[in-house]
Amino acid sequence: MSRLNVKLGDLSLKNPVIAASGTFGYGEELENFFPVESLGAVATKGLSLKPREGNPMPRIVETPSGMINAIGLQNVGIEAFIEKKLPYLESKQVVVIANIFGNTLEEYVEIARCLQPTSVPAIELNISCPNVKAGGMEFGNDPVQAARVTEAVRSVFNRHLMVKLSPNVTSLPKVACAVADAGADSLSLINTITAMAINTKTRKPMIANGVGGLSGPAIRPIAVRMVAEVYRSVKIPIVGIGGIGELNDALEFFIAGAQAIQIGTATFVEPNAAHQLVKDLDSYLKESGINHLKELVGTLKWPS
Amino acid sequence: MKDTLSQIVYHRSIGNDYYRIGLKTGWASFQPGQFAMLQVPGDGGVLLRRPFSLARQEGEVSEILYKAVGRGTRNLVKLQPGVPLKILGPLGHGFSSSEVSGPRVAVAGGYGIAPFWEWSLQLAKLGHRLQIFYGARTKTDLLYLDELRDAGAEVQCSTEDGSAGFRGLVTDLLREQFPNGKVGRVYSCGPWGLLQAVGQWCESHSIPAELSVEEAMGCGTGVCLGCVVQNRAGKYFRACKEGPVFLAEQLKLN
Ligand SMILES: Cc1cc2nc3c(=O)[nH]c(=O)nc-3n(C[C@H](O)[C@H](O)[C@H](O)COP(=O)(O)OP(=O)(O)OC[C@H]3O[C@@H](n4cnc5c(N)ncnc54)[C@H](O)[C@@H]3O)c2cc1C
Ligand SMILES: Cc1cc2nc3c(=O)[nH]c(=O)nc-3n(C[C@H](O)[C@H](O)[C@H](O)COP(=O)(O)O)c2cc1C
Ligand code: FES
């Protein structure tokens with residue numbers, strides 16, 4: 001399937017389909033359904049410096065064509081990941097993208113430092129997290145903060161650095177440019193959109209945390225628009241995320257400018273979704289007489 | 001665990017918004033207490049699959065007993081035999097087949113009766129009789145009574161309004177039957193309030209108990225972390241993977 005291979009800067013993937021963070025565990029959970037190494041890469045559940053138990057229940061609620069989650073970034077912590085989870089992924093020889101987050105800039109740096117001596121070829125920096133030292137505002141909300149954390153991680157990790165952008169900002173292209181200038185090798189977008197659903201009988205939010213992140217087909221049009229806008233503003237590769245389930249969804253993102261895509265919520269509905277998409281993409285290119293996926297990337301015809 | 005494109009073999013109303021649906025899955029068997037994630041029609045923006053206990057495996061057909069309560073299940077009601085439906089299962093851990101000294105007792109509430117049909121049959125094959133205590137709001141919420149008796153189980157019912165069996169809560173019926181708590185093992189499935197009461201009663205008599213919990217589920221395969229329950233040390237476990245059946249002592253019951 002050489003028509004599907006991608007190079008995100010220095011990171012080579014055999015195909016453009018990546019399992020999205022928080023929707024694929026640590027890569028072992030779905031081994032009954034398909035070989036994990038058939039994917040371009042796997043983004044791990046968000047990893048923090050110390051293990052986290054996450055939020056109280058209820059943590060998820062379905063909304064029209066989507067779902068809201070506030071899992072609270074439950075994870076085993078960077079140390080246990082490297083010791084207990086990474087060996088499985090290494091044995092499968094799949095490209096691992098370690099998704100990391102912190103509550104302070106120092107935490108991000110410390111986690112990246114832990115990853116530097118491992119085999120992990122890429123970090124995905126989740127900047128949709130509140131910066132406790134800056135009054136709890138999301139790092140990803142402010143181009144200056146976003147650039148600062150990117151630069152800091154860049155200085156301790158010398159392989160691929162992907163920065164995952166939060167859609168909950170006024171101008172995504174501004175954050176994208178700041179992060180690119182600060183040394184990011186690629187950008188992934190979008191993370192979930194902050195949302196709320198209310199139980200009208202109890203007048204309480206449907207999830208314990210109050211607000212959560214919306215994902216699934218409901219956010220796809222917003223994500224496509226954001227990818228198209230960011231593509232016009234930066235030069236580094238873009239990985240598209242948001243409500244992708246099947247072939248046509250993925251094509252929208254490639255046309256908008258993404259070189260690779262991630263599959264999240266769709267895996268909950270169809271455990272096989274990402275694997276199926278690899279096959280469908282290949283057949284599509286073959287049948288359409290397209291020699292390589294890159295011929296499709298960024299071919300959007302904007303209205304003049 | 002696999003994802004099967006099944007076909008609806010039968011689908012009938014048994015009154016009061018309850019339905020029995022038979023799906024040709026070709027699955028060999030399951031451990032009672034295990035469940036499946038069933039695709040429901042997408043109209044109205046329904047996205048996720050819905051979790052249901054597996055009630056029975058007969059030949060190639062798996063049965064689910066469900067109540068139409070919301071968007072997804074109301075869409076499901078409309079489907080006729082012959083329609084293909086994806087079903088992912090059997091998932092999670094069911095009731096254990098460990099050795100037991102003393103009566104094996106099941107305590108069910110509402111559609112929580114579902115796993116005990118197959119469980120009665122499997123235990124009967126091993127020469128054991130399941131004593132079922134079954135509570136519901138009213139007479140028409142008591143389901144599978146004939147099936148359970150045919151499966152060799154002994155069934156005692158309670159209803160909140162007294163329209164059938166003991167009037168009151170099923171846990172009161174249980175206390176009345178076993179004042180000294182001389183029970184070998186308890187299996188329970190139903191609303192959280194019931195599981196709490198059963199778990200606490202069992203604890204007070206040092207009876208080992210297995211409780212099947214019901215939590216909202218995103219994936220059923222262990223990847224979303226949306227379905228967790230807490231143990232007594234405050235640590236979270238996935239209902240879809242480590243559960244849905246847990247030992248009572250593993251759960252924070254209050
Ligand atoms: C392990 C397990 C076994 C179950 N077994 C049965 C069974 O045998 N028979 C039966 O009738 N029901 C069973 N349920 C409950 C059943 O899953 C819900 O009634 C069903 O999902 C409701 O879907 P809906 O679209 O009609 O409701 P909606 O309220 O529209 O659903 C919205 C969302 O909330 C979730 N949800 C709503 N109610 C529940 C609930 N009570 N438990 C978990 N998630 C819920 C849905 O899955 C969906 O994602 C079981 C649940 C679990 C977790
Ligand atoms: C249950 C759940 C957990 C998630 N956890 C993380 C996480 O730990 N880190 C992260 O960067 N994104 C996380 N995400 C966001 C996804 O990776 C993805 O960006 C988002 O869901 C949009 O894609 P989708 O519509 O395909 O799901 C999570 C999403 C869901 C639904
Ligand atoms: S339902 Fe997704 S982890 Fe249990």
# chains A, B, ... in the order shown; residues from 1 in each chain; ligands from 1
>>> residues_near_ligand(ligand="ligand 2", cutoff="8 Å", atoms="only C-alpha atoms and all ligand atoms", output="PDB file with N, CA, C and O atoms, in the first residue's frame")
ATOM      1  N   ALA A  20      -6.838   7.894  17.711  1.00  0.00           N
ATOM      2  CA  ALA A  20      -6.770   9.133  18.499  1.00  0.00           C
ATOM      3  C   ALA A  20      -6.612   8.853  19.983  1.00  0.00           C
ATOM      4  O   ALA A  20      -7.127   7.868  20.517  1.00  0.00           O
ATOM      5  N   SER A  21      -5.931   9.758  20.642  1.00  0.00           N
ATOM      6  CA  SER A  21      -5.692   9.648  22.078  1.00  0.00           C
ATOM      7  C   SER A  21      -6.993   9.530  22.869  1.00  0.00           C
ATOM      8  O   SER A  21      -7.959  10.237  22.606  1.00  0.00           O
ATOM      9  N   GLY A  22      -6.989   8.621  23.829  1.00  0.00           N
ATOM     10  CA  GLY A  22      -8.140   8.472  24.716  1.00  0.00           C
ATOM     11  C   GLY A  22      -9.247   7.616  24.149  1.00  0.00           C
ATOM     12  O   GLY A  22     -10.288   7.440  24.786  1.00  0.00           O
ATOM     13  N   THR A  23      -9.020   7.086  22.962  1.00  0.00           N
ATOM     14  CA  THR A  23     -10.075   6.281  22.339  1.00  0.00           C
ATOM     15  C   THR A  23      -9.547   4.910  21.931  1.00  0.00           C
ATOM     16  O   THR A  23     -10.245   4.128  21.308  1.00  0.00           O
ATOM     17  N   THR A  44      -1.372   7.370  22.302  1.00  0.00           N
ATOM     18  CA  THR A  44      -1.754   6.768  23.583  1.00  0.00           C
ATOM     19  C   THR A  44      -2.771   7.634  24.311  1.00  0.00           C
ATOM     20  O   THR A  44      -2.935   8.817  23.999  1.00  0.00           O
ATOM     21  N   LYS A  45      -3.420   7.064  25.309  1.00  0.00           N
ATOM     22  CA  LYS A  45      -4.201   7.847  26.251  1.00  0.00           C
ATOM     23  C   LYS A  45      -3.289   8.942  26.818  1.00  0.00           C
ATOM     24  O   LYS A  45      -2.081   8.719  26.967  1.00  0.00           O
ATOM     25  N   GLY A  46      -3.837  10.106  27.110  1.00  0.00           N
ATOM     26  CA  GLY A  46      -3.046  11.208  27.650  1.00  0.00           C
ATOM     27  C   GLY A  46      -2.259  10.777  28.875  1.00  0.00           C
ATOM     28  O   GLY A  46      -2.817  10.181  29.789  1.00  0.00           O
ATOM     29  N   LEU A  47      -0.966  11.089  28.886  1.00  0.00           N
ATOM     30  CA  LEU A  47      -0.093  10.653  29.983  1.00  0.00           C
ATOM     31  C   LEU A  47       0.341  11.845  30.826  1.00  0.00           C
ATOM     32  O   LEU A  47       0.721  12.887  30.294  1.00  0.00           O
ATOM     33  N   ILE A  60     -19.713  10.259  30.787  1.00  0.00           N
ATOM     34  CA  ILE A  60     -20.055  10.437  29.372  1.00  0.00           C
ATOM     35  C   ILE A  60     -21.559  10.557  29.191  1.00  0.00           C
ATOM     36  O   ILE A  60     -22.339  10.053  30.003  1.00  0.00           O
ATOM     37  N   GLY A  66     -23.166  12.675  18.573  1.00  0.00           N
ATOM     38  CA  GLY A  66     -21.914  12.900  19.283  1.00  0.00           C
ATOM     39  C   GLY A  66     -21.993  12.436  20.722  1.00  0.00           C
ATOM     40  O   GLY A  66     -22.960  11.791  21.134  1.00  0.00           O
ATOM     41  N   MET A  67     -20.963  12.761  21.461  1.00  0.00           N
ATOM     42  CA  MET A  67     -20.972  12.467  22.889  1.00  0.00           C
ATOM     43  C   MET A  67     -20.120  13.508  23.606  1.00  0.00           C
ATOM     44  O   MET A  67     -19.223  14.106  23.022  1.00  0.00           O
ATOM     45  N   ILE A  68     -20.464  13.732  24.872  1.00  0.00           N
ATOM     46  CA  ILE A  68     -19.667  14.622  25.701  1.00  0.00           C
ATOM     47  C   ILE A  68     -18.951  13.752  26.717  1.00  0.00           C
ATOM     48  O   ILE A  68     -19.564  12.863  27.305  1.00  0.00           O
ATOM     49  N   ASN A  69     -17.648  13.981  26.889  1.00  0.00           N
ATOM     50  CA  ASN A  69     -16.940  13.213  27.913  1.00  0.00           C
ATOM     51  C   ASN A  69     -16.168  14.136  28.836  1.00  0.00           C
ATOM     52  O   ASN A  69     -15.681  15.186  28.432  1.00  0.00           O
ATOM     53  N   ALA A  70     -16.116  13.696  30.089  1.00  0.00           N
ATOM     54  CA  ALA A  70     -15.195  14.315  31.048  1.00  0.00           C
ATOM     55  C   ALA A  70     -14.608  13.168  31.850  1.00  0.00           C
ATOM     56  O   ALA A  70     -15.010  12.900  32.972  1.00  0.00           O
ATOM     57  N   ILE A  71     -13.693  12.448  31.201  1.00  0.00           N
ATOM     58  CA  ILE A  71     -13.048  11.306  31.842  1.00  0.00           C
ATOM     59  C   ILE A  71     -12.089  11.820  32.912  1.00  0.00           C
ATOM     60  O   ILE A  71     -11.853  11.156  33.913  1.00  0.00           O
ATOM     61  N   LEU A  73      -8.926  12.607  32.261  1.00  0.00           N
ATOM     62  CA  LEU A  73      -7.557  12.202  31.940  1.00  0.00           C
ATOM     63  C   LEU A  73      -7.013  11.116  32.861  1.00  0.00           C
ATOM     64  O   LEU A  73      -5.860  11.151  33.268  1.00  0.00           O
ATOM     65  N   GLN A  74      -7.873  10.163  33.209  1.00  0.00           N
ATOM     66  CA  GLN A  74      -7.428   8.983  33.960  1.00  0.00           C
ATOM     67  C   GLN A  74      -6.316   8.285  33.169  1.00  0.00           C
ATOM     68  O   GLN A  74      -6.477   7.999  31.986  1.00  0.00           O
ATOM     69  N   ASN A  99       0.831  10.755  23.833  1.00  0.00           N
ATOM     70  CA  ASN A  99       0.066  11.984  24.086  1.00  0.00           C
ATOM     71  C   ASN A  99       0.320  12.394  25.530  1.00  0.00           C
ATOM     72  O   ASN A  99       0.130  11.608  26.450  1.00  0.00           O
ATOM     73  N   ILE A 100       0.796  13.627  25.737  1.00  0.00           N
ATOM     74  CA  ILE A 100       1.139  14.038  27.108  1.00  0.00           C
ATOM     75  C   ILE A 100       0.456  15.355  27.491  1.00  0.00           C
ATOM     76  O   ILE A 100       0.100  16.164  26.639  1.00  0.00           O
ATOM     77  N   PHE A 101       0.265  15.515  28.799  1.00  0.00           N
ATOM     78  CA  PHE A 101      -0.315  16.769  29.294  1.00  0.00           C
ATOM     79  C   PHE A 101       0.210  17.047  30.695  1.00  0.00           C
ATOM     80  O   PHE A 101       0.632  16.137  31.407  1.00  0.00           O
ATOM     81  N   GLU A 124       2.765  13.790  21.208  1.00  0.00           N
ATOM     82  CA  GLU A 124       1.661  14.680  20.858  1.00  0.00           C
ATOM     83  C   GLU A 124       1.364  15.483  22.111  1.00  0.00           C
ATOM     84  O   GLU A 124       0.998  14.911  23.144  1.00  0.00           O
ATOM     85  N   LEU A 125       1.539  16.777  21.991  1.00  0.00           N
ATOM     86  CA  LEU A 125       1.402  17.663  23.141  1.00  0.00           C
ATOM     87  C   LEU A 125      -0.045  18.135  23.229  1.00  0.00           C
ATOM     88  O   LEU A 125      -0.531  18.849  22.356  1.00  0.00           O
ATOM     89  N   ASN A 126      -0.739  17.676  24.293  1.00  0.00           N
ATOM     90  CA  ASN A 126      -2.123  18.105  24.479  1.00  0.00           C
ATOM     91  C   ASN A 126      -2.094  19.414  25.255  1.00  0.00           C
ATOM     92  O   ASN A 126      -1.829  19.422  26.454  1.00  0.00           O
ATOM     93  N   ILE A 127      -2.365  20.517  24.559  1.00  0.00           N
ATOM     94  CA  ILE A 127      -2.286  21.819  25.245  1.00  0.00           C
ATOM     95  C   ILE A 127      -3.667  22.338  25.651  1.00  0.00           C
ATOM     96  O   ILE A 127      -3.823  23.496  26.033  1.00  0.00           O
ATOM     97  N   SER A 128      -4.669  21.431  25.609  1.00  0.00           N
ATOM     98  CA  SER A 128      -6.015  21.833  26.050  1.00  0.00           C
ATOM     99  C   SER A 128      -6.168  21.655  27.552  1.00  0.00           C
ATOM    100  O   SER A 128      -7.206  21.208  28.026  1.00  0.00           O
ATOM    101  N   LYS A 164      -1.160  19.230  19.671  1.00  0.00           N
ATOM    102  CA  LYS A 164      -2.599  19.037  19.451  1.00  0.00           C
ATOM    103  C   LYS A 164      -3.355  20.280  19.883  1.00  0.00           C
ATOM    104  O   LYS A 164      -3.320  20.671  21.049  1.00  0.00           O
ATOM    105  N   LEU A 189      -5.360  18.513  14.906  1.00  0.00           N
ATOM    106  CA  LEU A 189      -6.541  19.261  15.309  1.00  0.00           C
ATOM    107  C   LEU A 189      -7.778  18.613  14.714  1.00  0.00           C
ATOM    108  O   LEU A 189      -7.713  18.084  13.604  1.00  0.00           O
ATOM    109  N   ILE A 190      -8.823  18.582  15.539  1.00  0.00           N
ATOM    110  CA  ILE A 190      -9.032  19.312  16.769  1.00  0.00           C
ATOM    111  C   ILE A 190      -9.222  18.378  17.964  1.00  0.00           C
ATOM    112  O   ILE A 190      -9.605  17.221  17.785  1.00  0.00           O
ATOM    113  N   ASN A 191      -8.971  18.911  19.143  1.00  0.00           N
ATOM    114  CA  ASN A 191      -9.374  18.241  20.361  1.00  0.00           C
ATOM    115  C   ASN A 191     -10.881  18.467  20.521  1.00  0.00           C
ATOM    116  O   ASN A 191     -11.508  19.102  19.676  1.00  0.00           O
ATOM    117  N   THR A 192     -11.467  17.970  21.586  1.00  0.00           N
ATOM    118  CA  THR A 192     -12.923  18.088  21.762  1.00  0.00           C
ATOM    119  C   THR A 192     -13.346  19.543  22.013  1.00  0.00           C
ATOM    120  O   THR A 192     -12.541  20.364  22.456  1.00  0.00           O
ATOM    121  N   GLY A 213     -16.100  17.455  26.931  1.00  0.00           N
ATOM    122  CA  GLY A 213     -15.664  17.682  25.550  1.00  0.00           C
ATOM    123  C   GLY A 213     -16.547  16.938  24.571  1.00  0.00           C
ATOM    124  O   GLY A 213     -16.754  15.735  24.698  1.00  0.00           O
ATOM    125  N   LEU A 214     -17.040  17.679  23.592  1.00  0.00           N
ATOM    126  CA  LEU A 214     -17.897  17.074  22.564  1.00  0.00           C
ATOM    127  C   LEU A 214     -17.024  16.459  21.471  1.00  0.00           C
ATOM    128  O   LEU A 214     -16.066  17.080  20.999  1.00  0.00           O
ATOM    129  N   SER A 215     -17.393  15.243  21.066  1.00  0.00           N
ATOM    130  CA  SER A 215     -16.676  14.564  19.985  1.00  0.00           C
ATOM    131  C   SER A 215     -17.677  13.836  19.100  1.00  0.00           C
ATOM    132  O   SER A 215     -18.860  13.804  19.397  1.00  0.00           O
ATOM    133  N   GLY A 216     -17.178  13.250  18.020  1.00  0.00           N
ATOM    134  CA  GLY A 216     -18.049  12.488  17.127  1.00  0.00           C
ATOM    135  C   GLY A 216     -18.490  13.301  15.924  1.00  0.00           C
ATOM    136  O   GLY A 216     -18.071  14.451  15.741  1.00  0.00           O
ATOM    137  N   PRO A 217     -19.350  12.713  15.064  1.00  0.00           N
ATOM    138  CA  PRO A 217     -19.762  13.361  13.814  1.00  0.00           C
ATOM    139  C   PRO A 217     -20.275  14.793  14.011  1.00  0.00           C
ATOM    140  O   PRO A 217     -20.125  15.635  13.118  1.00  0.00           O
ATOM    141  N   ALA A 218     -20.835  15.096  15.180  1.00  0.00           N
ATOM    142  CA  ALA A 218     -21.373  16.432  15.434  1.00  0.00           C
ATOM    143  C   ALA A 218     -20.313  17.517  15.255  1.00  0.00           C
ATOM    144  O   ALA A 218     -20.635  18.647  14.879  1.00  0.00           O
ATOM    145  N   ILE A 219     -19.052  17.213  15.520  1.00  0.00           N
ATOM    146  CA  ILE A 219     -18.020  18.256  15.455  1.00  0.00           C
ATOM    147  C   ILE A 219     -17.275  18.282  14.118  1.00  0.00           C
ATOM    148  O   ILE A 219     -16.433  19.139  13.885  1.00  0.00           O
ATOM    149  N   ARG A 220     -17.590  17.315  13.241  1.00  0.00           N
ATOM    150  CA  ARG A 220     -16.800  17.187  12.014  1.00  0.00           C
ATOM    151  C   ARG A 220     -16.771  18.453  11.163  1.00  0.00           C
ATOM    152  O   ARG A 220     -15.690  18.886  10.738  1.00  0.00           O
ATOM    153  N   ILE A 241      -8.486  15.765  12.851  1.00  0.00           N
ATOM    154  CA  ILE A 241      -9.242  14.958  13.821  1.00  0.00           C
ATOM    155  C   ILE A 241     -10.621  15.579  14.022  1.00  0.00           C
ATOM    156  O   ILE A 241     -10.736  16.800  14.118  1.00  0.00           O
ATOM    157  N   GLY A 242     -11.622  14.737  14.147  1.00  0.00           N
ATOM    158  CA  GLY A 242     -12.946  15.228  14.523  1.00  0.00           C
ATOM    159  C   GLY A 242     -14.052  14.534  13.754  1.00  0.00           C
ATOM    160  O   GLY A 242     -14.326  14.864  12.606  1.00  0.00           O
ATOM    161  N   GLY A 243     -14.667  13.549  14.397  1.00  0.00           N
ATOM    162  CA  GLY A 243     -15.848  12.914  13.828  1.00  0.00           C
ATOM    163  C   GLY A 243     -15.609  12.075  12.594  1.00  0.00           C
ATOM    164  O   GLY A 243     -16.531  11.839  11.807  1.00  0.00           O
ATOM    165  N   ILE A 244     -14.383  11.612  12.418  1.00  0.00           N
ATOM    166  CA  ILE A 244     -14.117  10.786  11.244  1.00  0.00           C
ATOM    167  C   ILE A 244     -14.511   9.334  11.527  1.00  0.00           C
ATOM    168  O   ILE A 244     -14.096   8.759  12.525  1.00  0.00           O
ATOM    169  N   GLY A 245     -15.337   8.779  10.659  1.00  0.00           N
ATOM    170  CA  GLY A 245     -15.755   7.395  10.820  1.00  0.00           C
ATOM    171  C   GLY A 245     -15.500   6.582   9.570  1.00  0.00           C
ATOM    172  O   GLY A 245     -15.091   5.437   9.625  1.00  0.00           O
ATOM    173  N   GLN A 262      -6.850  11.257  12.405  1.00  0.00           N
ATOM    174  CA  GLN A 262      -7.018  10.392  13.578  1.00  0.00           C
ATOM    175  C   GLN A 262      -8.480  10.008  13.716  1.00  0.00           C
ATOM    176  O   GLN A 262      -9.371  10.798  13.416  1.00  0.00           O
ATOM    177  N   ILE A 263      -8.677   8.789  14.201  1.00  0.00           N
ATOM    178  CA  ILE A 263     -10.023   8.272  14.430  1.00  0.00           C
ATOM    179  C   ILE A 263     -10.248   8.123  15.915  1.00  0.00           C
ATOM    180  O   ILE A 263      -9.458   7.460  16.588  1.00  0.00           O
ATOM    181  N   GLY A 264     -11.282   8.765  16.443  1.00  0.00           N
ATOM    182  CA  GLY A 264     -11.550   8.712  17.872  1.00  0.00           C
ATOM    183  C   GLY A 264     -12.829   7.975  18.186  1.00  0.00           C
ATOM    184  O   GLY A 264     -12.891   6.747  18.183  1.00  0.00           O
ATOM    185  N   THR A 265     -13.877   8.768  18.413  1.00  0.00           N
ATOM    186  CA  THR A 265     -15.164   8.221  18.838  1.00  0.00           C
ATOM    187  C   THR A 265     -15.674   7.087  17.953  1.00  0.00           C
ATOM    188  O   THR A 265     -16.351   6.177  18.439  1.00  0.00           O
ATOM    189  N   ALA A 266     -15.364   7.121  16.671  1.00  0.00           N
ATOM    190  CA  ALA A 266     -15.859   6.069  15.768  1.00  0.00           C
ATOM    191  C   ALA A 266     -15.430   4.680  16.226  1.00  0.00           C
ATOM    192  O   ALA A 266     -16.153   3.702  16.008  1.00  0.00           O
TER     193      ALA A 266
ATOM    194  N   GLY B 218     -19.613   3.850  26.761  1.00  0.00           N
ATOM    195  CA  GLY B 218     -19.332   4.431  25.456  1.00  0.00           C
ATOM    196  C   GLY B 218     -18.931   3.375  24.443  1.00  0.00           C
ATOM    197  O   GLY B 218     -19.358   3.406  23.300  1.00  0.00           O
ATOM    198  N   VAL B 223     -11.862   0.961  26.123  1.00  0.00           N
ATOM    199  CA  VAL B 223     -10.988   2.040  25.663  1.00  0.00           C
ATOM    200  C   VAL B 223     -11.435   3.454  26.043  1.00  0.00           C
ATOM    201  O   VAL B 223     -10.628   4.377  26.004  1.00  0.00           O
ATOM    202  N   CYS B 224     -12.706   3.653  26.436  1.00  0.00           N
ATOM    203  CA  CYS B 224     -13.146   5.041  26.649  1.00  0.00           C
ATOM    204  C   CYS B 224     -13.049   5.492  28.105  1.00  0.00           C
ATOM    205  O   CYS B 224     -13.042   6.684  28.385  1.00  0.00           O
ATOM    206  N   LEU B 225     -13.027   4.551  29.049  1.00  0.00           N
ATOM    207  CA  LEU B 225     -12.985   4.843  30.486  1.00  0.00           C
ATOM    208  C   LEU B 225     -14.209   5.619  30.951  1.00  0.00           C
ATOM    209  O   LEU B 225     -14.160   6.351  31.942  1.00  0.00           O
ATOM    210  N   GLY B 226     -15.322   5.428  30.252  1.00  0.00           N
ATOM    211  CA  GLY B 226     -16.550   6.135  30.610  1.00  0.00           C
ATOM    212  C   GLY B 226     -17.438   5.371  31.576  1.00  0.00           C
ATOM    213  O   GLY B 226     -18.449   5.897  32.035  1.00  0.00           O
TER     214      GLY B 226
END
>>> interface_residues(of="chain A", to="chain B", cutoff="6 Å", atoms="only C-alpha atoms", output="ChimeraX atom specification")
/A:23-25,59-60,64-65,268-269
>>> write_last_selection(atoms="N, CA, C and O atoms", output="short mmCIF file (atom, residue, chain, number, x, y, z; two decimals), in the first residue's frame")
data_model
loop_
_atom_site.label_atom_id
_atom_site.label_comp_id
_atom_site.auth_asym_id
_atom_site.auth_seq_id
_atom_site.Cartn_x
_atom_site.Cartn_y
_atom_site.Cartn_z
N THR A 23 -9.02 7.09 22.96
CA THR A 23 -10.08 6.28 22.34
C THR A 23 -9.55 4.91 21.93
O THR A 23 -10.25 4.13 21.31
N PHE A 24 -8.31 4.62 22.31
CA PHE A 24 -7.69 3.38 21.87
C PHE A 24 -6.85 2.77 23.00
O PHE A 24 -6.01 1.92 22.78
N GLY A 25 -7.12 3.21 24.22
CA GLY A 25 -6.38 2.70 25.37
C GLY A 25 -4.89 2.88 25.18
O GLY A 25 -4.41 3.94 24.75
N ARG A 59 -19.44 10.07 33.51
CA ARG A 59 -18.36 10.70 32.75
C ARG A 59 -18.70 10.94 31.29
O ARG A 59 -17.98 11.67 30.60
N ILE A 60 -19.71 10.26 30.79
CA ILE A 60 -20.06 10.44 29.37
C ILE A 60 -21.56 10.56 29.19
O ILE A 60 -22.34 10.05 30.00
N PRO A 64 -26.90 14.47 20.26
CA PRO A 64 -27.16 14.14 18.87
C PRO A 64 -25.87 14.02 18.03
O PRO A 64 -25.06 14.94 17.98
N SER A 65 -25.70 12.86 17.43
CA SER A 65 -24.54 12.55 16.60
C SER A 65 -23.20 12.81 17.28
O SER A 65 -22.22 13.15 16.63
N PHE A 268 -15.40 3.65 19.19
CA PHE A 268 -16.33 3.17 20.22
C PHE A 268 -17.51 2.45 19.57
O PHE A 268 -18.03 1.48 20.09
N VAL A 269 -17.93 2.98 18.44
CA VAL A 269 -19.10 2.42 17.75
C VAL A 269 -18.71 1.19 16.94
O VAL A 269 -19.40 0.18 16.93
#
>>> residues_near_ligand(ligand="ligand 1", cutoff="6 Å", atoms="only C-alpha atoms and all ligand atoms", output="list in words")
Val61 and Glu62 of chain A; Phe35, Leu48, Arg50, Pro51, Phe52, Ser53, Leu65, Tyr66, Lys67, Ala68, Val69, Gly70, Arg71, Gly72, Thr73, Arg74, Tyr111, Ala114, Glu214, Glu215, Ala216, Met217 and Pro244 of chain B
>>> residues_around(residues="range 12-17 of chain A", least_positions_apart="3", cutoff="6 Å", atoms="only C-alpha atoms", output="list in words")
Leu4, Asn5, Val6, Lys7, Leu39, Gly40, Ala260, Ile261 and Gln262 of chain A
>>> write_last_selection(atoms="N, CA and C atoms", output="CSV table (one decimal), in the first residue's frame")
chain,number,residue,atom,x,y,z
A,4,LEU,N,-0.2,4.9,0.2
A,4,LEU,CA,-0.7,5.5,1.4
A,4,LEU,C,0.3,6.0,2.4
A,5,ASN,N,1.6,5.8,2.1
A,5,ASN,CA,2.6,6.2,3.1
A,5,ASN,C,2.7,7.7,3.2
A,6,VAL,N,3.0,8.2,4.4
A,6,VAL,CA,3.1,9.6,4.7
A,6,VAL,C,4.4,9.9,5.4
A,7,LYS,N,4.9,11.1,5.1
A,7,LYS,CA,6.0,11.6,5.9
A,7,LYS,C,5.5,12.9,6.6
A,39,LEU,N,-2.2,0.0,11.5
A,39,LEU,CA,-2.5,1.4,11.5
A,39,LEU,C,-1.2,2.2,11.3
A,40,GLY,N,-1.3,3.5,10.8
A,40,GLY,CA,-0.2,4.3,10.6
A,40,GLY,C,0.5,4.6,11.9
A,260,ALA,N,-2.6,13.5,7.4
A,260,ALA,CA,-2.9,12.3,8.1
A,260,ALA,C,-4.2,12.6,8.9
A,261,ILE,N,-4.8,11.6,9.4
A,261,ILE,CA,-6.0,11.8,10.2
A,261,ILE,C,-6.0,10.9,11.4
A,262,GLN,N,-6.9,11.3,12.4
A,262,GLN,CA,-7.0,10.4,13.6
A,262,GLN,C,-8.5,10.0,13.7
>>> closest_residue(among="A:Pro130, A:Gly183, A:Pro205, A:Gly257", to="Ala228 in chain A", atoms="only C-alpha atoms")
A:Gly257
>>> select_by_dssp(residues="range 188-283 of chain A", states="alpha helix (DSSP H)", output="PyMOL selection string")
chain A and resi 220-233+247-256+266-269+273-283
>>> residues_around(residues="Tyr134 in chain B", least_positions_apart="3", cutoff="9 Å", atoms="only C-alpha atoms", output="MDAnalysis selection string")
chainID B and resid 106:110 112:113 142 155:159 170
>>> atom_distance(atom1="CA of Val144 in chain A", atom2="CA of Leu105 in chain A")
12.5 Å
>>> residues_around(residues="Glu99 in chain B", least_positions_apart="3", cutoff="10 Å", atoms="only C-alpha atoms", output="number ranges by chain")
B: 96, 102, 184-185
>>> closest_residue(among="A:Leu172, A:Leu30, A:Leu8, A:Val42", to="ligand 3", atoms="only C-alpha atoms and all ligand atoms")
A:Leu30
>>> closest_residue(among="B:Ala151, B:Ala248, B:Cys240, B:Leu85", to="ligand 3", atoms="only C-alpha atoms and all ligand atoms")
B:Cys240
>>> residues_around(residues="Gly243 in chain B", least_positions_apart="4", cutoff="7 Å", atoms="only C-alpha atoms", output="list in words")
Gly92, His93, Arg238 and Ala239 of chain B
>>> residues_around(residues="Ser119 in chain A", least_positions_apart="4", cutoff="9 Å", atoms="only C-alpha atoms", output="ChimeraX atom specification")
/A:86,90,96,115
>>> closest_residue(among="B:Glu242, B:Glu58, B:Glu249, B:Glu63", to="ligand 3", atoms="only C-alpha atoms and all ligand atoms")
B:Glu242
>>> atom_distance(atom1="CA of Val186 in chain B", atom2="CA of Gly15 in chain B")
29.2 Å
